[in-house]
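Heads up, the thing below is written out as structure tokens.
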Amino acid sequence: MRTAFTAEQLADPETAASAGAIRKCVHCGFCTATCPTYVLLGDERDSPRGRIELIREMLEQDGPPPASTVTHIDRCLSCLACTTTCPSGVDYAQLIDHARAHIETHYARPWPERLLRAAIPAILTHPRRLALALALGRIARPLEPLLARVGLAPLAALLRLVPSRAAKASPSLAAPSLAAPSLAAPSLAAQGRSRGRVVLLQGCVEPAMAPQIRAAAIRLITRAGFEVVLAEREGCCGALSEHLGRAEEAKALARANLKAWGGAGKFKAIVTTAAGCGTMLKAYGRVLGRDGAPAAARARDVLEFIAEVGLPPVAAPSGMAVAYHAACSLQHGQQIKEAPPRLLVEAGFEVRRVAEGHLCCGSAGVYNILQPELATRLRDRKAANIAATGAAVVAAGNVGCMAQLSPVLEAAMVHPVELLDWATGGPRPAALGAASAAAT
């Protein structure tokens with residue numbers, strides 16, 4: 001694709017990087033087949049190819065974009081399925097993040113949108129605040145249909161995501177505690193001979209909504225022979241801020257984490273149990289340049305890490321049928337596709353693949369809050385494909401996917417690390433409840 005950036009514009013490293021990415025696009029259209037919004041809407045402007053054209057025009061004009069451009073860019077999930085299918089190697093992540101930052105700086109959104117977009121990182125990136133918000137959300141949950149009818153769809157979408165204490169007999173997500181999610185020890189020793197140390201990203205949303213995931217990850221990693229360090233003063237990875245176009249805020253959060261870790265070199269890996277966080281950690285080199293490169297090189301999803309170092313001996317293979325839901329941030333953002341199902345098979349589970357597994361479930365960070373109508377259509381489509389597997393258990397490597405899908409699935413939903421922990425000597429995941437080990 002041809003560009004017409006000025007020399008002055010290209011002096012900006014961000015614009016230069018985006019210009020290079022735009023020029024790689026040859027308009028082949030491979031991306032349209034895997035883009036969830038194009039599949040749903042059939043509008044060229046809601047395809048990666050169309051959005052790249054809109055981004056080129058917006059950045060070249062270097063001013064406030066028209067509302068129509070903002071609408072189509074806002075509809076992008078950042079699922080990055082397009083990067084998996086692009087034969088030209090277009091760095092779409094660079095383009096969409098730059099576009100959102102430009103919109104945040106140059107476009108005046110209506111005040112309700114500004115308020116909501118400011119509240120999201122102010123609440124979701126602080127586990128105590130999030131736990132309080134979730135507790136209040138349970139009280140307000142009966143108001144969800146009313147909010148939807150009066151045009152407050154984002155607030156209604158927020159309430160739909162709040163886990164209920166009695167949502168089902170085997171809840172996938174725990175009702176949040178108002179106490180700050182934490183562990184007593186900042187470091188947990190390896191079992192047996194130590195093979196090294198890893199720092200485990202503690203996360204923001206996951207500790208409040210699904211603390212059992214981190215507990216399972218710690219047991220599994222220490223069982224594999226690694227000391228687990230929980231860094232003090234560590235915070236949000238910056239992904240939510242990045243997706244909202246708050247680029248400087250995202251950079252500040254990333255720098256704070258680098259400081260908390262005291263340099264990545266002393267750890268074998270920086271491990272995360274949330275695939276969305278892992279994608280952001282691996283982008284620290286792009287976000288922070290040379291300063292972030294060492295951390296990005298050591299960032300590992302927990303399933304990726306276990307695949308590299310080896311699964312501990314399987315103590316109790318169950319043979320349980322599991323539908324594996326591939327989170328977009330894992331399969332597209334990090335290109336980790338085969339390791340998770342392979343580990344589940346190695347641990348003694350029967351893995352069933354989900355049809356249209358490349359399409360997003362609609363969670364996409366906070367997309368289900370900002371774009372509830374499209375997110376719901378994607379959720380229902382994904383839930384139908386999962387149900388068609390007939391599995392009584394669904395494994396998903398991202399808490400956002402779990403929150404999105406759990407309310408509309410009969411099957412129990414767990415993180416794969418919970419199943420791997422169980423198979424290698426840990427406790428049976430509480431979310432499985434009465435699900436039979438022989439369930440099909």
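Naming scheme: A, B, ... for chains in displayed order of the structure tokens; residues 1 onward per chain; ligands 1 onward as shown.
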If you run DSSP over the backbone, which residues in stretch 315-374 of chain A end up strand (DSSP E or B)? Put them as a PDB file with N, CA and C atoms, in the first residue's frame.
ATOM      1  N   ALA A 321     -12.991 -35.800  29.051  1.00  0.00           N
ATOM      2  CA  ALA A 321     -13.067 -35.084  27.785  1.00  0.00           C
ATOM      3  C   ALA A 321     -13.078 -33.586  28.057  1.00  0.00           C
ATOM      4  N   VAL A 322     -12.184 -32.860  27.406  1.00  0.00           N
ATOM      5  CA  VAL A 322     -12.029 -31.419  27.618  1.00  0.00           C
ATOM      6  C   VAL A 322     -12.082 -30.708  26.279  1.00  0.00           C
ATOM      7  N   ALA A 323     -12.947 -29.701  26.167  1.00  0.00           N
ATOM      8  CA  ALA A 323     -12.960 -28.838  24.985  1.00  0.00           C
ATOM      9  C   ALA A 323     -11.947 -27.731  25.209  1.00  0.00           C
ATOM     10  N   TYR A 324     -10.978 -27.622  24.314  1.00  0.00           N
ATOM     11  CA  TYR A 324      -9.953 -26.591  24.482  1.00  0.00           C
ATOM     12  C   TYR A 324     -10.348 -25.341  23.696  1.00  0.00           C
ATOM     13  N   HIS A 325     -10.565 -24.242  24.420  1.00  0.00           N
ATOM     14  CA  HIS A 325     -10.844 -22.943  23.802  1.00  0.00           C
ATOM     15  C   HIS A 325      -9.532 -22.171  23.720  1.00  0.00           C
ATOM     16  N   GLU A 350      -8.696 -36.203  27.317  1.00  0.00           N
ATOM     17  CA  GLU A 350      -9.099 -36.301  25.918  1.00  0.00           C
ATOM     18  C   GLU A 350      -9.458 -34.896  25.442  1.00  0.00           C
ATOM     19  N   VAL A 351      -8.709 -34.367  24.509  1.00  0.00           N
ATOM     20  CA  VAL A 351      -8.906 -32.979  24.078  1.00  0.00           C
ATOM     21  C   VAL A 351      -9.765 -32.934  22.820  1.00  0.00           C
ATOM     22  N   ARG A 352     -10.797 -32.111  22.878  1.00  0.00           N
ATOM     23  CA  ARG A 352     -11.664 -31.905  21.728  1.00  0.00           C
ATOM     24  C   ARG A 352     -11.510 -30.476  21.227  1.00  0.00           C
ATOM     25  N   ARG A 353     -11.185 -30.333  19.952  1.00  0.00           N
ATOM     26  CA  ARG A 353     -11.009 -29.013  19.357  1.00  0.00           C
ATOM     27  C   ARG A 353     -12.373 -28.391  19.076  1.00  0.00           C
TER      28      ARG A 353
END
Set the distance at 8 Å and use only C-alpha atoms: which residues neighbour stretch 187-200 of chain A once local chain neighbours fewer than 3 positions away are removed? I'd like the list as a ChimeraX atom specification. /A:218,221-231,261,266-272
Closest of A:Arg286, A:His415, A:His102, A:Arg379 to A:Ala431 - atom-to-atom distances counting only C-alpha atoms: A:His415
Separation of atom CA of A:Ala295 from atom CA of A:Asp97 in Å: 20.0 Å
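Every protein or nucleic acid residue with an atom no more than 9 Å from A:Cys76, counting only C-alpha atoms and leaving out same-chain residues fewer than 6 positions away, appears here: Cys35, Pro36, Thr37, Asp46, Ser47, Pro48, Arg51, Ile96 and Tyr367 of chain A.
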Could you save the residues just selected, with C-alpha atoms, as a PDB file, in the first residue's frame?
ATOM      1  CA  CYS A  35     -11.560 -11.198  11.067  1.00  0.00           C
ATOM      2  CA  PRO A  36     -14.511 -11.648  13.467  1.00  0.00           C
ATOM      3  CA  THR A  37     -16.068  -8.250  12.773  1.00  0.00           C
ATOM      4  CA  ASP A  46     -14.598  -3.525   9.587  1.00  0.00           C
ATOM      5  CA  SER A  47     -11.869  -5.738   8.126  1.00  0.00           C
ATOM      6  CA  PRO A  48      -8.135  -5.398   8.847  1.00  0.00           C
ATOM      7  CA  ARG A  51      -8.971  -0.460   8.848  1.00  0.00           C
ATOM      8  CA  ILE A  96      -4.064  -0.608  15.832  1.00  0.00           C
ATOM      9  CA  TYR A 367     -14.376  -5.174  24.254  1.00  0.00           C
TER      10      TYR A 367
END
